[in-house]
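Visitor: My questions all concern the structure below.
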Amino acid sequence: MFIEPRGTELITRYKHNYHIPDQVAITEEMILKHWELEKRMVKELLASKPDNRWEVFEQAYTVLYSELEWLNQLPGDTRSPTEKYQTWVETVGSQPQKIYEIGSGKGKLISYLAQCGFECKATEITKERGKKHISESLPNLSWGISDSIKLDTFKSANYYDVVISNQVIEHFYPEDLYTHFKAVYNILNENGRYIFGILYLKFMLIVEKILFGMPSKKIRRPLAKGLRKLYLFADNIFLTAQK
C-alpha cells in the first residue's frame, strides 16, 4: 500500500523537486497549501475553453504566485548569468537583433540578453511574474502581458528576428499549439527564428520510453540519474525553427 510522505520526508522531496536550498524555511503546511491550490487550478484549467482560456490561465497563475509568494522568493540557480545564459547568446547569434520572449518568468534570461545589447521584449501571462522581480531598468527591454498563444494580436507582423521560449510550450493545450506556432511565424520577420525546446528530442523520447518501460522505480531512478551525469538530459538544449 502506498503511503503519502509527510513531515520531514515531504519537505525533503518538495525541496528536491523545486531545487530549494536546505536552509530555506519550508513547512508542511506551506506544501499542503500548494498541493490543494494546484489541484483546484488543474480542474479550472482543464475546464477552460478557447474563448476564455487566457482569462482562466491568467487568473490561475496570478493566484498561484500571489498566494504562494515563497515561489517568487526562492534563490534558484546560483550560477552566474554568463554560466546560465551564454548558450542562449551563442544560439541567438550576433547583434543587433530584436528578441521576443514568451513566458519570461522572473525575467532573468531576457534581462541578460538585453544587457548583451539585444532589443528585447519580455512577456508573461500574469503581472505577478516578470517586471516586478527585476531591479534594474534597461532602455532596450520592454515588458508586456500576453496569452502566449495569439501573439500576433499583440505585436506587428514580420517584426522580430528571434522569438524564444524556455519550458513554456509543454504547458499549452494540444489544440492551441498550431495557433501558437502560426502566431510566432507571423511576428517573425523574413528568416526569423523560433528557438525553443530540445535539439535531441527524438533521442531523448526514446531514452524516456525505455526508462518508463522498466517495471521497478528502484532501477529506473538510479539509471536516469546516471544518464543525466552523461549529459543525456542536459538543461540547455534547443530546437530552432527558421521562417
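Residue numbering restarts at 1 for every chain of the C-alpha cells, chains are lettered A, B, ... in their displayed order, and ligands are numbered from 1 as they appear.
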Where does DSSP see strand (DSSP E or B) in range 34-187 of chain A, if you list the residues as a list in words?
Guide: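 Those in range 34-187 of chain A that DSSP calls strand (DSSP E or B) are Lys98, Ile99, Tyr100, Glu101, Ile102, Glu119, Cys120, Lys121, Ala122, Thr123, Glu124, Leu141, Ser142, Trp143, Gly144, Ile145, Tyr160, Asp161, Val162, Val163, Ile164 and Ser165 of chain A.
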Visitor: Env of Lys39 in chain A: 12 Å cut, atoms = only C-alpha atoms, seq-sep filter 6 positions within chain, self excluded. Answer as a ChimeraX atom specification.
Guide: /A:32-33,45-46,60,64
Visitor: Given the selection you just returned, output its residues as a file containing N, CA, C and O atoms, formatted as an mmCIF file, in the first residue's frame.
Guide:
```
data_model
loop_
_atom_site.group_PDB
_atom_site.id
_atom_site.type_symbol
_atom_site.label_atom_id
_atom_site.label_comp_id
_atom_site.auth_asym_id
_atom_site.auth_seq_id
_atom_site.Cartn_x
_atom_site.Cartn_y
_atom_site.Cartn_z
ATOM 1 N N LEU A 32 1.253 21.659 1.696
ATOM 2 C CA LEU A 32 -0.126 21.202 1.536
ATOM 3 C C LEU A 32 -1.005 22.296 0.922
ATOM 4 O O LEU A 32 -1.915 22.008 0.137
ATOM 5 N N LYS A 33 -0.730 23.538 1.274
ATOM 6 C CA LYS A 33 -1.451 24.653 0.652
ATOM 7 C C LYS A 33 -1.177 24.686 -0.848
ATOM 8 O O LYS A 33 -2.097 24.875 -1.664
ATOM 9 N N LEU A 45 -8.241 24.840 -15.192
ATOM 10 C CA LEU A 45 -7.550 24.937 -16.475
ATOM 11 C C LEU A 45 -8.075 23.905 -17.468
ATOM 12 O O LEU A 45 -8.248 24.204 -18.656
ATOM 13 N N LEU A 46 -8.313 22.691 -16.993
ATOM 14 C CA LEU A 46 -8.819 21.646 -17.877
ATOM 15 C C LEU A 46 -10.240 21.953 -18.358
ATOM 16 O O LEU A 46 -10.638 21.524 -19.447
ATOM 17 N N ALA A 60 -5.424 31.964 -12.804
ATOM 18 C CA ALA A 60 -4.830 30.851 -12.076
ATOM 19 C C ALA A 60 -3.392 31.158 -11.674
ATOM 20 O O ALA A 60 -2.996 30.958 -10.514
ATOM 21 N N LEU A 64 -1.715 31.715 -8.008
ATOM 22 C CA LEU A 64 -0.608 30.846 -7.610
ATOM 23 C C LEU A 64 0.554 31.642 -7.045
ATOM 24 O O LEU A 64 1.047 31.370 -5.941
#
```
Visitor: Give me, as a count of residues only, all polymer residues having an atom no more than 8 Å from range 157-172 of chain A, counting only C-alpha atoms and skipping those fewer than 5 positions away in the same chain.
Guide: 24
Visitor: Could you jot down the CA of Lys84 in chain A to CA of Gly107 in chain A separation for me, Å, one decimal place?
Guide: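 Rounded to one decimal, the two atoms are 13.1 Å apart.
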Visitor: Could you please determine the separation between CA of Ser111 in chain A and CA of Glu136 in chain A in Å, to one decimal place?
Guide: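 Interatomic distance, CA of Ser111 in chain A to CA of Glu136 in chain A: 8.7 Å.
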Visitor: Separation of CA of Gln73 in chain A and CA of Trp88 in chain A, in Å?
Guide: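 A separation of 24.3 Å between them.
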Visitor: Taking into account only C-alpha atoms, which residue in the set A:Lys182, A:Arg13, A:Lys155, A:Arg6 is nearest to Glu29 in chain A?
Guide: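 Nearest candidate to Glu29 in chain A out of A:Lys182, A:Arg13, A:Lys155, A:Arg6: A:Arg6.
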Visitor: Taking only C-alpha atoms into account, which of A:Thr153, A:Asn140, A:Ser66, A:Gln95 comes nearest Thr126 in chain A?
Guide: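 Between A:Thr153, A:Asn140, A:Ser66, A:Gln95, the residue approaching Thr126 in chain A most closely is A:Ser66.
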Visitor: Give me, as number ranges by chain, the residues of range 3-227 of chain A that a backbone DSSP run labels helix (DSSP H, G or I).
Guide: A: 7-17, 28-46, 53-67, 70-73, 81-92, 108-115, 130-133, 151-153, 169-171, 174-187, 201-212, 217-227
Visitor: Give the answer as one residue: which of A:Phe57, A:Tyr112, A:Tyr185, A:Phe118 has the shortest atom-to-atom distance to Glu44 in chain A, using only C-alpha atoms?
Guide: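 Smallest separation from Glu44 in chain A among the options: A:Phe57.
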Visitor: So which one's closest to Val89 in chain A, A:Leu71, A:Ile20, A:Ala122, A:Ala114? Using only C-alpha atoms, please.
Guide: A:Ala114
Visitor: Rank nothing, just name the residue among A:Thr91, A:Ser148, A:Thr62, A:Thr8 nearest to Leu239 in chain A, using only C-alpha atoms.
Guide: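 Nearest to Leu239 in chain A: A:Thr91.
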Visitor: Of the residues A:Val24, A:Met214, A:Ile149, A:Ala183, which is the one nearest to Arg53 in chain A, using only C-alpha atoms?
Guide: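 Closest to Arg53 in chain A of all the choices is A:Ile149.
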Visitor: So that I can check the surroundings of Leu10 in chain A, please list as a list in words every protein, DNA and RNA residue that reaches within 12 Å of it, counting only C-alpha atoms and ignoring chain neighbours fewer than 2 positions away.
Guide: Ile3, Glu4, Pro5, Arg6, Gly7, Thr8, Thr12, Arg13, Tyr14, Lys15, His16, Asn17, Ile26, Thr27, Glu28, Glu29, Met30, Ile31, Leu32 and Trp35 of chain A
